[in-house]
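*Asks:* Structure file entry-v8.csv (CSV, C-alpha atoms and all ligand atoms) is given on the next line.
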```csv
chain,number,residue,atom,x,y,z
A,266,MET,CA,114.0,72.4,138.9
A,267,TRP,CA,116.1,69.4,139.8
A,268,ALA,CA,113.2,67.9,141.9
A,269,ALA,CA,110.9,67.8,138.9
A,270,LEU,CA,113.2,65.5,137.1
A,271,LEU,CA,114.0,63.1,139.9
A,272,PRO,CA,111.0,60.8,139.7
A,273,VAL,CA,111.1,60.6,135.9
A,274,GLY,CA,112.0,57.1,134.7
A,275,ARG,CA,113.1,56.1,138.2
A,276,ASP,CA,112.7,52.4,139.2
A,277,GLU,CA,111.5,52.6,142.8
A,278,ALA,CA,112.9,49.2,143.6
A,279,THR,CA,116.5,49.9,142.6
A,280,GLY,CA,116.6,53.7,142.4
A,281,GLY,CA,118.0,53.3,138.9
A,282,TYR,CA,116.9,55.4,135.9
A,283,HIS,CA,115.6,54.1,132.6
A,284,ARG,CA,115.3,57.0,130.2
A,285,PHE,CA,115.9,55.7,126.7
A,286,ALA,CA,115.7,58.0,123.7
A,287,TRP,CA,112.1,58.7,122.7
A,288,THR,CA,110.6,56.4,125.3
A,289,PRO,CA,107.9,58.0,127.6
A,290,PRO,CA,110.3,58.9,130.4
A,291,GLU,CA,112.8,60.6,128.0
A,292,LEU,CA,109.9,62.4,126.3
A,293,GLU,CA,108.9,63.7,129.7
A,294,CYS,CA,112.4,65.0,130.3
A,295,ARG,CA,112.3,66.7,126.9
A,296,ALA,CA,109.0,68.3,127.8
A,297,TRP,CA,110.6,69.5,131.0
A,298,PHE,CA,113.5,71.0,129.0
A,299,LEU,CA,111.1,72.9,126.7
A,300,ASP,CA,109.1,74.1,129.6
A,301,GLU,CA,112.2,75.4,131.4
A,302,ALA,CA,113.3,77.1,128.2
A,303,ARG,CA,109.8,78.7,127.7
A,304,ARG,CA,109.7,79.9,131.3
A,305,ARG,CA,113.0,81.8,130.7
A,306,ASP,CA,111.9,83.1,127.3
A,307,LEU,CA,114.7,81.3,125.6
A,308,GLU,CA,114.4,80.6,121.9
A,309,VAL,CA,113.9,76.9,121.2
A,310,GLU,CA,115.6,75.3,118.2
A,311,HIS,CA,115.3,71.6,117.1
A,312,ASP,CA,117.9,70.3,114.7
A,313,GLY,CA,117.1,67.4,112.3
A,314,ASN,CA,118.8,64.9,114.6
A,315,GLY,CA,116.6,65.0,117.7
A,316,ASN,CA,118.9,67.5,119.5
A,317,MET,CA,117.3,70.4,121.2
A,318,PHE,CA,118.7,73.9,121.9
A,319,ALA,CA,117.4,76.8,124.0
A,320,TRP,CA,119.0,80.1,123.1
A,321,TRP,CA,119.5,83.3,125.1
A,322,LEU,CA,120.2,85.7,122.3
A,323,PRO,CA,121.9,89.1,122.6
A,324,GLU,CA,119.7,92.1,122.3
A,325,ASP,CA,120.9,92.8,118.7
A,326,GLY,CA,119.7,89.3,117.7
A,327,THR,CA,123.2,88.1,116.9
A,328,ARG,CA,123.1,84.4,116.2
A,329,GLY,CA,126.7,83.6,115.4
A,330,GLY,CA,129.6,83.1,117.8
A,331,ALA,CA,127.5,81.3,120.3
A,332,VAL,CA,128.6,79.7,123.5
A,333,LEU,CA,126.8,76.4,123.9
A,334,THR,CA,126.6,74.5,127.1
A,335,GLY,CA,124.4,71.5,128.1
A,336,SER,CA,124.5,67.7,128.1
A,337,HIS,CA,121.9,64.9,127.7
A,338,LEU,CA,118.7,63.7,129.3
A,339,ASP,CA,118.8,60.0,128.4
A,340,SER,CA,120.3,57.3,130.7
A,341,VAL,CA,121.9,53.9,130.6
A,342,PRO,CA,119.6,51.1,131.9
A,343,GLY,CA,119.5,51.5,135.7
A,344,GLY,CA,121.6,54.7,135.6
A,345,GLY,CA,122.2,57.4,138.1
A,346,ALA,CA,120.4,60.7,138.5
A,347,PHE,CA,123.3,62.9,137.6
A,348,ASP,CA,124.9,61.6,134.4
A,349,GLY,CA,123.5,64.0,131.8
A,350,PRO,CA,120.7,66.0,133.7
A,351,LEU,CA,123.3,67.7,136.0
A,352,GLY,CA,124.8,69.5,133.0
A,353,ILE,CA,121.4,70.7,131.8
A,354,VAL,CA,120.0,71.7,135.1
A,355,SER,CA,123.2,73.5,135.9
A,356,ALA,CA,123.1,75.3,132.5
A,357,PHE,CA,119.6,76.7,133.3
A,358,ALA,CA,120.7,77.7,136.8
A,359,ALA,CA,123.8,79.4,135.4
A,360,VAL,CA,121.6,81.4,132.9
A,361,ASP,CA,119.4,82.4,135.9
A,362,ARG,CA,122.5,83.6,137.8
A,363,LEU,CA,123.9,85.6,134.9
A,364,ARG,CA,120.5,87.3,134.5
A,365,GLU,CA,120.3,88.0,138.2
A,366,ARG,CA,123.7,89.7,137.9
A,367,GLY,CA,122.4,91.8,135.0
A,368,VAL,CA,124.8,90.3,132.4
A,369,ARG,CA,123.9,91.1,128.9
A,370,PRO,CA,125.6,88.7,126.6
A,371,VAL,CA,127.1,90.0,123.4
A,372,ARG,CA,127.0,86.5,121.9
A,373,PRO,CA,124.2,83.9,122.2
A,374,ILE,CA,124.3,81.5,125.1
A,375,GLY,CA,122.7,78.2,124.3
A,376,ILE,CA,121.7,75.2,126.3
A,377,GLY,CA,121.8,71.9,124.3
A,378,ALA,CA,120.2,68.6,125.1
A,379,PHE,CA,121.8,65.9,122.9
A,380,ALA,CA,119.8,62.9,121.8
A,381,GLU,CA,120.8,59.2,122.6
A,382,GLU,CA,124.1,60.1,124.3
A,383,GLU,CA,124.3,56.8,126.0
A,384,GLY,CA,123.4,54.8,123.0
A,385,ALA,CA,121.3,52.7,125.3
A,386,ARG,CA,118.5,52.3,122.8
A,387,PHE,CA,120.2,52.1,119.4
A,388,GLY,CA,123.7,51.0,120.3
A,389,VAL,CA,125.7,54.0,119.1
A,390,ALA,CA,126.9,56.3,121.8
A,391,CYS,CA,126.4,60.1,121.3
A,392,LEU,CA,124.2,59.4,118.3
A,393,GLY,CA,122.7,62.9,118.2
A,394,SER,CA,126.1,64.7,118.3
A,395,ARG,CA,127.6,62.2,115.8
A,396,LEU,CA,124.8,62.9,113.3
A,397,LEU,CA,125.1,66.7,113.9
A,398,THR,CA,128.8,66.6,113.2
A,399,GLY,CA,128.8,64.1,110.4
A,400,ALA,CA,130.6,61.4,112.4
A,401,ILE,CA,128.1,58.8,111.4
A,402,ASP,CA,126.6,58.0,108.0
A,403,PRO,CA,122.8,59.0,108.2
A,404,ALA,CA,121.9,55.9,106.2
A,405,ARG,CA,123.6,53.7,108.8
A,406,ALA,CA,121.9,55.6,111.6
A,407,ARG,CA,118.4,55.3,110.0
A,408,ALA,CA,118.9,51.5,109.9
A,409,LEU,CA,119.9,51.1,113.5
A,410,THR,CA,117.5,49.0,115.5
A,411,ASP,CA,116.5,49.0,119.2
A,412,GLY,CA,115.9,45.9,121.3
A,413,ASP,CA,112.3,45.6,119.9
A,414,GLY,CA,113.4,45.7,116.3
A,415,HIS,CA,112.2,49.3,115.7
A,416,THR,CA,114.5,51.2,113.4
A,417,PHE,CA,115.9,54.6,114.3
A,418,ALA,CA,114.1,56.0,111.2
A,419,GLU,CA,110.8,54.6,112.5
A,420,VAL,CA,111.3,56.0,115.9
A,421,MET,CA,112.2,59.4,114.5
A,422,HIS,CA,109.2,59.4,112.3
A,423,ASN,CA,106.9,58.6,115.2
A,424,ALA,CA,108.5,61.4,117.2
A,425,GLY,CA,107.5,63.8,114.4
A,426,LEU,CA,111.0,64.1,112.9
A,427,ASP,CA,111.9,63.5,109.3
A,428,PRO,CA,114.3,60.6,109.1
A,429,GLU,CA,115.5,61.7,105.7
A,430,ALA,CA,116.6,65.0,107.2
A,431,ILE,CA,119.1,63.6,109.7
A,432,GLY,CA,122.8,64.4,109.2
A,433,PRO,CA,125.4,67.1,109.6
A,434,ASP,CA,124.1,70.6,110.1
A,435,ASP,CA,126.9,73.0,109.1
A,436,ASP,CA,124.7,76.1,109.6
A,437,LEU,CA,124.1,75.2,113.2
A,438,LEU,CA,127.7,74.2,113.9
A,439,GLY,CA,128.9,77.3,112.2
A,440,ARG,CA,127.0,79.4,114.7
A,441,ILE,CA,128.6,77.8,117.7
A,442,ALA,CA,131.9,79.2,118.8
A,443,CYS,CA,132.5,76.7,121.6
A,444,TYR,CA,130.8,74.0,123.7
A,445,ILE,CA,131.2,73.6,127.5
A,446,GLU,CA,129.7,70.5,129.1
A,447,LEU,CA,129.3,70.2,132.8
A,448,HIS,CA,129.1,66.6,134.0
A,449,VAL,CA,129.3,64.5,137.2
A,450,GLU,CA,132.8,63.0,137.5
A,451,GLN,CA,132.4,59.2,137.0
A,452,GLY,CA,135.3,57.7,138.8
A,453,ARG,CA,137.5,58.5,141.8
A,454,ALA,CA,139.6,61.1,140.0
A,455,LEU,CA,138.4,64.4,141.6
A,456,ASP,CA,138.9,65.3,145.3
A,457,VAL,CA,137.8,69.0,145.1
A,458,PRO,CA,134.3,70.2,144.1
A,459,VAL,CA,135.1,71.1,140.4
A,460,GLY,CA,137.7,70.1,137.9
A,461,VAL,CA,138.3,70.6,134.2
A,462,ALA,CA,138.7,67.8,131.6
A,463,SER,CA,141.9,67.3,129.8
A,464,SER,CA,141.1,64.4,127.5
A,465,ILE,CA,138.8,61.4,126.9
A,466,VAL,CA,140.6,58.1,126.3
A,467,PRO,CA,140.0,56.1,123.1
A,468,HIS,CA,136.9,54.0,123.5
A,469,GLY,CA,134.4,51.9,121.5
A,470,ARG,CA,131.7,49.3,121.4
A,471,TRP,CA,131.8,46.0,119.5
A,472,ARG,CA,129.0,43.5,119.0
A,473,PHE,CA,129.9,39.8,118.9
A,474,GLY,CA,127.4,37.3,117.4
A,475,PHE,CA,127.7,33.6,118.3
A,476,THR,CA,125.6,31.3,116.2
A,477,GLY,CA,125.1,27.7,117.1
A,478,GLU,CA,122.0,25.4,117.0
A,479,GLY,CA,119.0,25.5,119.4
A,480,ASN,CA,118.2,22.1,120.8
A,481,HIS,CA,116.8,20.2,123.8
A,482,ALA,CA,118.7,20.5,127.1
A,483,GLY,CA,117.9,17.0,128.1
A,484,THR,CA,118.1,14.9,125.0
A,485,THR,CA,121.1,16.3,123.2
A,486,ALA,CA,124.3,14.5,123.9
A,487,LEU,CA,127.2,16.8,124.7
A,488,ALA,CA,129.1,15.7,121.5
A,489,ASP,CA,126.1,16.8,119.4
A,490,ARG,CA,125.7,20.3,120.7
A,491,ARG,CA,126.6,23.5,119.0
A,492,ASP,CA,126.2,25.7,122.1
A,493,PRO,CA,127.0,29.4,121.5
A,494,MET,CA,127.1,30.0,125.3
A,495,LEU,CA,130.5,28.2,125.6
A,496,PRO,CA,132.6,30.6,123.4
A,497,PHE,CA,130.5,33.5,124.7
A,498,ALA,CA,131.6,32.5,128.3
A,499,ARG,CA,135.2,32.3,127.1
A,500,MET,CA,134.9,35.7,125.5
A,501,VAL,CA,133.9,37.3,128.7
A,502,ILE,CA,137.0,36.0,130.5
A,503,ALA,CA,139.2,36.8,127.5
A,504,ALA,CA,138.0,40.4,127.7
A,505,ARG,CA,139.2,40.7,131.3
A,506,GLU,CA,142.5,39.0,130.5
A,507,ALA,CA,143.2,41.0,127.3
A,508,ALA,CA,142.5,44.3,129.1
A,509,GLU,CA,144.9,43.3,131.8
A,510,ARG,CA,147.6,42.5,129.3
A,511,ASN,CA,147.1,45.7,127.4
A,512,GLY,CA,146.6,48.2,130.2
A,513,ALA,CA,143.0,48.8,129.0
A,514,VAL,CA,139.6,48.2,130.4
A,515,ALA,CA,137.0,45.9,128.8
A,516,THR,CA,133.5,45.2,129.8
A,517,VAL,CA,130.8,42.8,128.7
A,518,GLY,CA,127.7,44.3,130.2
A,519,LYS,CA,125.0,43.3,127.9
A,520,VAL,CA,124.1,39.9,126.4
A,521,ASN,CA,121.1,38.6,124.5
A,522,VAL,CA,120.6,34.9,124.6
A,523,VAL,CA,118.2,33.5,122.0
A,524,PRO,CA,115.7,32.0,122.7
A,525,GLY,CA,116.5,32.2,126.4
A,526,GLY,CA,114.9,29.0,127.7
A,527,VAL,CA,116.2,27.3,130.8
A,528,ASN,CA,115.8,23.9,129.2
A,529,ALA,CA,117.0,24.8,125.7
A,530,ILE,CA,120.5,25.1,124.3
A,531,ALA,CA,120.7,28.6,122.9
A,532,SER,CA,120.7,29.0,119.1
A,533,SER,CA,122.5,32.3,119.2
A,534,VAL,CA,124.1,34.8,121.6
A,535,THR,CA,124.8,38.4,121.0
A,536,ALA,CA,127.2,40.1,123.4
A,537,TRP,CA,128.5,43.6,123.5
A,538,LEU,CA,132.1,44.5,124.4
A,539,ASP,CA,133.0,48.0,125.6
A,540,ALA,CA,136.8,48.6,125.5
A,541,ARG,CA,138.7,51.6,126.4
A,542,GLY,CA,142.4,52.3,127.0
A,543,PRO,CA,145.1,55.0,127.2
A,544,ALA,CA,145.9,54.7,123.4
A,545,ASP,CA,144.4,53.5,120.2
A,546,ASP,CA,146.6,50.4,119.9
A,547,ALA,CA,145.8,49.2,123.5
A,548,VAL,CA,142.1,49.2,122.7
A,549,ARG,CA,142.5,47.7,119.2
A,550,ARG,CA,144.8,44.9,120.5
A,551,THR,CA,142.3,44.2,123.3
A,552,VAL,CA,139.5,43.7,120.9
A,553,LYS,CA,141.6,41.6,118.5
A,554,GLU,CA,142.7,39.3,121.3
A,555,VAL,CA,139.1,38.9,122.5
A,556,ASP,CA,138.0,38.1,119.0
A,557,GLU,CA,140.7,35.5,118.5
A,558,ALA,CA,139.9,33.9,121.9
A,559,ALA,CA,136.2,33.8,121.0
A,560,ARG,CA,137.0,32.1,117.6
A,561,VAL,CA,139.4,29.6,119.1
A,562,ALA,CA,136.7,28.7,121.7
A,563,ALA,CA,134.0,28.5,119.1
A,564,ARG,CA,135.6,26.1,116.7
A,565,PRO,CA,135.3,22.8,118.6
A,566,HIS,CA,131.6,23.6,119.2
A,567,ARG,CA,130.9,24.3,115.6
A,568,VAL,CA,129.7,27.8,116.5
A,569,SER,CA,130.3,30.7,114.1
A,570,VAL,CA,131.4,34.1,115.3
A,571,ASP,CA,131.0,37.5,113.8
A,572,LEU,CA,132.1,40.8,115.0
A,573,ALA,CA,130.9,44.3,114.2
A,574,GLU,CA,132.2,47.7,115.4
A,575,GLU,CA,129.3,49.8,116.6
A,576,SER,CA,131.1,52.9,117.5
A,577,TYR,CA,134.6,54.1,118.1
A,578,THR,CA,136.0,57.4,119.3
A,579,GLU,CA,139.7,58.2,119.1
A,580,ILE,CA,141.5,60.0,121.9
A,581,VAL,CA,140.0,63.5,122.5
A,582,ASP,CA,142.3,66.2,123.7
A,583,PHE,CA,140.1,69.1,124.7
A,584,ASN,CA,141.0,72.5,123.2
A,585,LEU,CA,144.0,73.8,125.2
A,586,ALA,CA,143.2,77.5,124.8
A,587,LEU,CA,139.7,77.0,126.0
A,588,ARG,CA,140.8,74.9,128.8
A,589,ASP,CA,143.3,77.6,129.9
A,590,ARG,CA,140.7,80.3,129.6
A,591,ILE,CA,138.3,78.2,131.8
A,592,GLY,CA,141.1,77.6,134.3
A,593,ALA,CA,141.7,81.3,134.5
A,594,ALA,CA,138.0,82.1,134.8
A,595,LEU,CA,137.8,79.7,137.8
A,596,GLY,CA,141.0,80.9,139.4
A,597,GLY,CA,142.6,77.5,138.9
A,598,ALA,CA,141.1,74.0,138.9
A,599,PRO,CA,142.5,70.5,138.7
A,600,VAL,CA,142.7,69.1,135.2
A,601,LEU,CA,141.9,65.5,134.7
A,602,PRO,CA,141.4,62.9,131.9
A,603,THR,CA,138.3,60.7,131.8
A,604,GLY,CA,137.4,57.2,130.7
A,605,ALA,CA,133.9,58.2,129.9
A,606,GLY,CA,132.6,59.3,126.5
A,607,HIS,CA,130.6,62.6,126.1
A,608,ASP,CA,129.0,64.7,123.3
A,609,ALA,CA,131.7,67.2,124.1
A,610,GLY,CA,134.2,64.7,122.8
A,611,VAL,CA,132.3,64.2,119.6
A,612,LEU,CA,131.7,67.9,119.1
A,613,SER,CA,135.4,68.7,119.7
A,614,ALA,CA,136.1,67.3,116.2
A,615,ARG,CA,134.3,70.4,114.8
A,616,LEU,CA,134.6,73.1,117.4
A,617,PRO,CA,136.5,74.0,120.6
A,618,ALA,CA,135.0,72.0,123.4
A,619,ALA,CA,135.7,71.7,127.1
A,620,MET,CA,134.2,70.0,130.2
A,621,LEU,CA,133.7,70.8,133.8
A,622,PHE,CA,133.5,67.9,136.2
A,623,VAL,CA,131.7,67.9,139.6
A,624,ARG,CA,133.1,65.6,142.3
A,625,ASN,CA,131.4,62.3,142.8
A,626,PRO,CA,132.1,61.0,146.3
A,627,THR,CA,130.9,57.5,145.6
A,628,GLY,CA,133.2,57.0,142.6
A,629,ILE,CA,130.2,55.2,141.0
A,630,SER,CA,128.4,56.0,137.8
A,631,HIS,CA,126.0,54.4,135.4
A,632,ALA,CA,124.4,52.9,138.5
A,633,PRO,CA,122.0,54.2,141.2
A,634,ALA,CA,124.9,55.1,143.7
A,635,GLU,CA,126.1,57.8,141.3
A,636,PHE,CA,126.2,61.0,143.4
A,637,ALA,CA,127.3,64.6,143.8
A,638,GLU,CA,126.8,66.5,147.1
A,639,PRO,CA,124.4,69.5,146.7
A,640,ALA,CA,127.2,71.9,147.8
A,641,ASP,CA,129.4,70.5,145.0
A,642,CYS,CA,126.6,70.8,142.5
A,643,LEU,CA,126.2,74.5,143.5
A,644,ALA,CA,130.0,74.9,143.1
A,645,GLY,CA,129.5,73.5,139.6
A,646,VAL,CA,126.8,76.0,138.8
A,647,GLU,CA,129.0,78.8,140.1
A,648,ALA,CA,131.9,77.6,138.0
A,649,LEU,CA,129.8,77.2,134.9
A,650,THR,CA,128.3,80.7,135.5
A,651,ALA,CA,131.8,82.2,135.8
A,652,VAL,CA,132.9,80.4,132.6
A,653,LEU,CA,129.8,81.5,130.6
A,654,ASP,CA,130.1,85.0,131.9
A,655,ASP,CA,133.7,85.2,130.7
A,656,LEU,CA,133.0,83.6,127.3
A,657,ALA,CA,129.7,85.5,126.7
A,658,ARG,CA,131.5,88.8,126.9
A,659,GLY,CA,133.4,88.2,123.8
A,701,LIG,C1,129.0,57.3,128.3
A,701,LIG,O1,128.6,57.7,129.4
A,701,LIG,C2,130.1,56.3,128.3
A,701,LIG,O2,131.2,56.7,128.5
A,701,LIG,O3,129.7,55.2,128.0
A,702,MN,MN,126.9,58.1,130.8
A,703,MN,MN,126.8,61.6,130.3
A,704,MN,MN,109.4,19.2,125.8
```
If you took the structure in this file and wrote it as structure tokens, what would it be?
*Replies:*
Amino acid sequence: MWAALLPVGRDEATGGYHRFAWTPPELECRAWFLDEARRRDLEVEHDGNGNMFAWWLPEDGTRGGAVLTGSHLDSVPGGGAFDGPLGIVSAFAAVDRLRERGVRPVRPIGIGAFAEEEGARFGVACLGSRLLTGAIDPARARALTDGDGHTFAEVMHNAGLDPEAIGPDDDLLGRIACYIELHVEQGRALDVPVGVASSIVPHGRWRFGFTGEGNHAGTTALADRRDPMLPFARMVIAAREAAERNGAVATVGKVNVVPGGVNAIASSVTAWLDARGPADDAVRRTVKEVDEAARVAARPHRVSVDLAEESYTEIVDFNLALRDRIGAALGGAPVLPTGAGHDAGVLSARLPAAMLFVRNPTGISHAPAEFAEPADCLAGVEALTAVLDDLARG
């Protein structure tokens, strides 16, 4: 099962994955998901937001009180093999194990594949689960654009979905009793095969726009330039400094320089800031200080600066009762916070959610070196099986 996904969207030169929502590699992953569901005779459901579900229903056809597990199939640019797919492959494997053991669930067990979790195409992380839970205004989502200027509405339409139908789905949410997401651990926080998440730190994304004036690199005197690269460069350093002052982390990992000529002063620069920290105010202060530094640096160069918040997620404390129940089903497991965002965090605003983490020996994620040992992945499947078995009984 895992082997079928491995080549999809993989750049042979770097080993990194490029599976952006509704691009051919991600569509191939979606087809794989539907095929795995069909092979197990699971009932497939598509919501209006591009999320997919595969349901194992109890014999009496009960649809409410479902236990949902799953993750996402999309990736960051040049991402690893495990972030997302591990949770979905493990979910199918856990269903297989439960069936082999003759378990007959009294509530539905579902496998969910959430759309655009990384926000790598349209900028907003966890877009599918945000739409489902009402955490983002559908009109705003429709107008989001990708790097080629295609709107989310356009892309949904081309994928055969009605962009006017996106938004919260209370009927679907009302049928889900809880969500359990298994995920590769993304730092160096876990030294046993499987752990349980306690919380997700506050995190968000901000877009800085620097507008100057395009001009010739050879004929324009320094005094005459309005070069947006200068305050942009200052902003990158300021992000590091502000994060250090505030006990946060801040990253500028994406920048778009227009027009991008070696021999041309840029006319504009767009740069994205990702900031996360232990508490709301540490993150907010970091962003404010970066913004101030950018504006101070822009003034002498007559460059304008604008700032937009693309997404923000407050601290997520996963449901304590569910966490305890999972801990008991596993016979104990370490509990750890994470600095990574997940659909489980977004869903936890509407229903009890929890996460299982599988050890990552490299401590690297969102990069090709992301890894989990096969034995640890199997331990993850066993853990998920035990948790689903416990929850599916009532
Ligand atoms: C998602 O993986 C994130 O934390 O950015
Ligand atoms: Mn990720
Ligand atoms: Mn993920
Ligand atoms: Mn010329």
*Asks:* Can you build me a table of chain A residues sitting at most 6 Å from ligand MN 703 (chain A), with the closest atom pair per residue and its distance in Å to one decimal, using all atoms listed in the file, sorted by chain and residue number, as JSON lines?
*Replies:*
```
{"residue": "A:Asp348", "atom": "CA", "partner": "A:MN703", "partner_atom": "MN", "distance": 4.5}
{"residue": "A:Gly349", "atom": "CA", "partner": "A:MN703", "partner_atom": "MN", "distance": 4.3}
{"residue": "A:His607", "atom": "CA", "partner": "A:MN703", "partner_atom": "MN", "distance": 5.8}
```
*Asks:* Dump as JSON lines the rows for residues of chain A within 10 Å of ligand MN 702 (chain A): closest atom pair and distance in Å with one decimal, all atoms listed in the file counted, ordered by chain and rising residue number.
*Replies:*
```
{"residue": "A:His337", "atom": "CA", "partner": "A:MN702", "partner_atom": "MN", "distance": 9.0}
{"residue": "A:Asp339", "atom": "CA", "partner": "A:MN702", "partner_atom": "MN", "distance": 8.7}
{"residue": "A:Ser340", "atom": "CA", "partner": "A:MN702", "partner_atom": "MN", "distance": 6.6}
{"residue": "A:Val341", "atom": "CA", "partner": "A:MN702", "partner_atom": "MN", "distance": 6.5}
{"residue": "A:Gly344", "atom": "CA", "partner": "A:MN702", "partner_atom": "MN", "distance": 7.9}
{"residue": "A:Gly345", "atom": "CA", "partner": "A:MN702", "partner_atom": "MN", "distance": 8.7}
{"residue": "A:Phe347", "atom": "CA", "partner": "A:MN702", "partner_atom": "MN", "distance": 9.1}
{"residue": "A:Asp348", "atom": "CA", "partner": "A:MN702", "partner_atom": "MN", "distance": 5.4}
{"residue": "A:Gly349", "atom": "CA", "partner": "A:MN702", "partner_atom": "MN", "distance": 6.9}
{"residue": "A:Glu382", "atom": "CA", "partner": "A:MN702", "partner_atom": "MN", "distance": 7.4}
{"residue": "A:Glu383", "atom": "CA", "partner": "A:MN702", "partner_atom": "MN", "distance": 5.6}
{"residue": "A:Gly384", "atom": "CA", "partner": "A:MN702", "partner_atom": "MN", "distance": 9.2}
{"residue": "A:Ala385", "atom": "CA", "partner": "A:MN702", "partner_atom": "MN", "distance": 9.5}
{"residue": "A:Ala390", "atom": "CA", "partner": "A:MN702", "partner_atom": "MN", "distance": 9.2}
{"residue": "A:Cys391", "atom": "CA", "partner": "A:MN702", "partner_atom": "MN", "distance": 9.7}
{"residue": "A:His448", "atom": "CA", "partner": "A:MN702", "partner_atom": "MN", "distance": 9.3}
{"residue": "A:Val449", "atom": "CA", "partner": "A:MN702", "partner_atom": "MN", "distance": 9.4}
{"residue": "A:Gln451", "atom": "CA", "partner": "A:MN702", "partner_atom": "MN", "distance": 8.4}
{"residue": "A:Ala605", "atom": "CA", "partner": "A:MN702", "partner_atom": "MN", "distance": 7.1}
{"residue": "A:Gly606", "atom": "CA", "partner": "A:MN702", "partner_atom": "MN", "distance": 7.2}
{"residue": "A:His607", "atom": "CA", "partner": "A:MN702", "partner_atom": "MN", "distance": 7.5}
{"residue": "A:Ser630", "atom": "CA", "partner": "A:MN702", "partner_atom": "MN", "distance": 7.5}
{"residue": "A:His631", "atom": "CA", "partner": "A:MN702", "partner_atom": "MN", "distance": 6.0}
{"residue": "A:Ala632", "atom": "CA", "partner": "A:MN702", "partner_atom": "MN", "distance": 9.6}
```
*Asks:* Give me, as a ChimeraX atom specification, all polymer residues having an atom no more than 12 Å from range 592-602 of chain A, counting all atoms listed in the file and skipping those fewer than 3 positions away in the same chain.
*Replies:* /A:450-467,542-543,580-583,585-589,605-606,610,619-624,644-656
*Asks:* Please compute the CA of Glu429 in chain A-CA of Trp471 in chain A distance, one decimal, in Å.
*Replies:* 26.5 Å
*Asks:* Would you mind listing the residues within 12 Å of ligand MN 704 (chain A), counting all atoms listed in the file, as a PyMOL selection string?
*Replies:* chain A and resi 480-484+526-529
*Asks:* Do a neighbour search on Leu538 in chain A at 9 Å with only C-alpha atoms, toss out local chain neighbours closer than 6 positions, and write the hits as a list in words.
*Replies:* Gly469, Arg470, Trp471, Arg472, Phe473, Val501, Ala504, Ala515, Thr516, Val517, Gly518, Lys519 and Val552 of chain A
*Asks:* Would you mind telling me which residue in A:Val611, A:Ala563, A:Leu307, A:Leu333 lies nearest to ligand LIG 701 (chain A) when using all atoms listed in the file?
*Replies:*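 Among A:Val611, A:Ala563, A:Leu307, A:Leu333, it is A:Val611 that comes nearest to ligand LIG 701 (chain A).
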*Asks:* I'd like the interatomic distance between CA of Ser336 in chain A and CA of Phe417 in chain A, to a tenth of an Å.
*Replies:*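 Rounded to one decimal, the two atoms are 20.9 Å apart.
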*Asks:* Within 12 Å of (121.9, 62.6, 115.6), all atoms listed in the file: residues as a PyMOL selection string?
*Replies:* chain A and resi 286+311-317+378-382+384+387+389-407+409+417-418+421+426-434+608+611-612
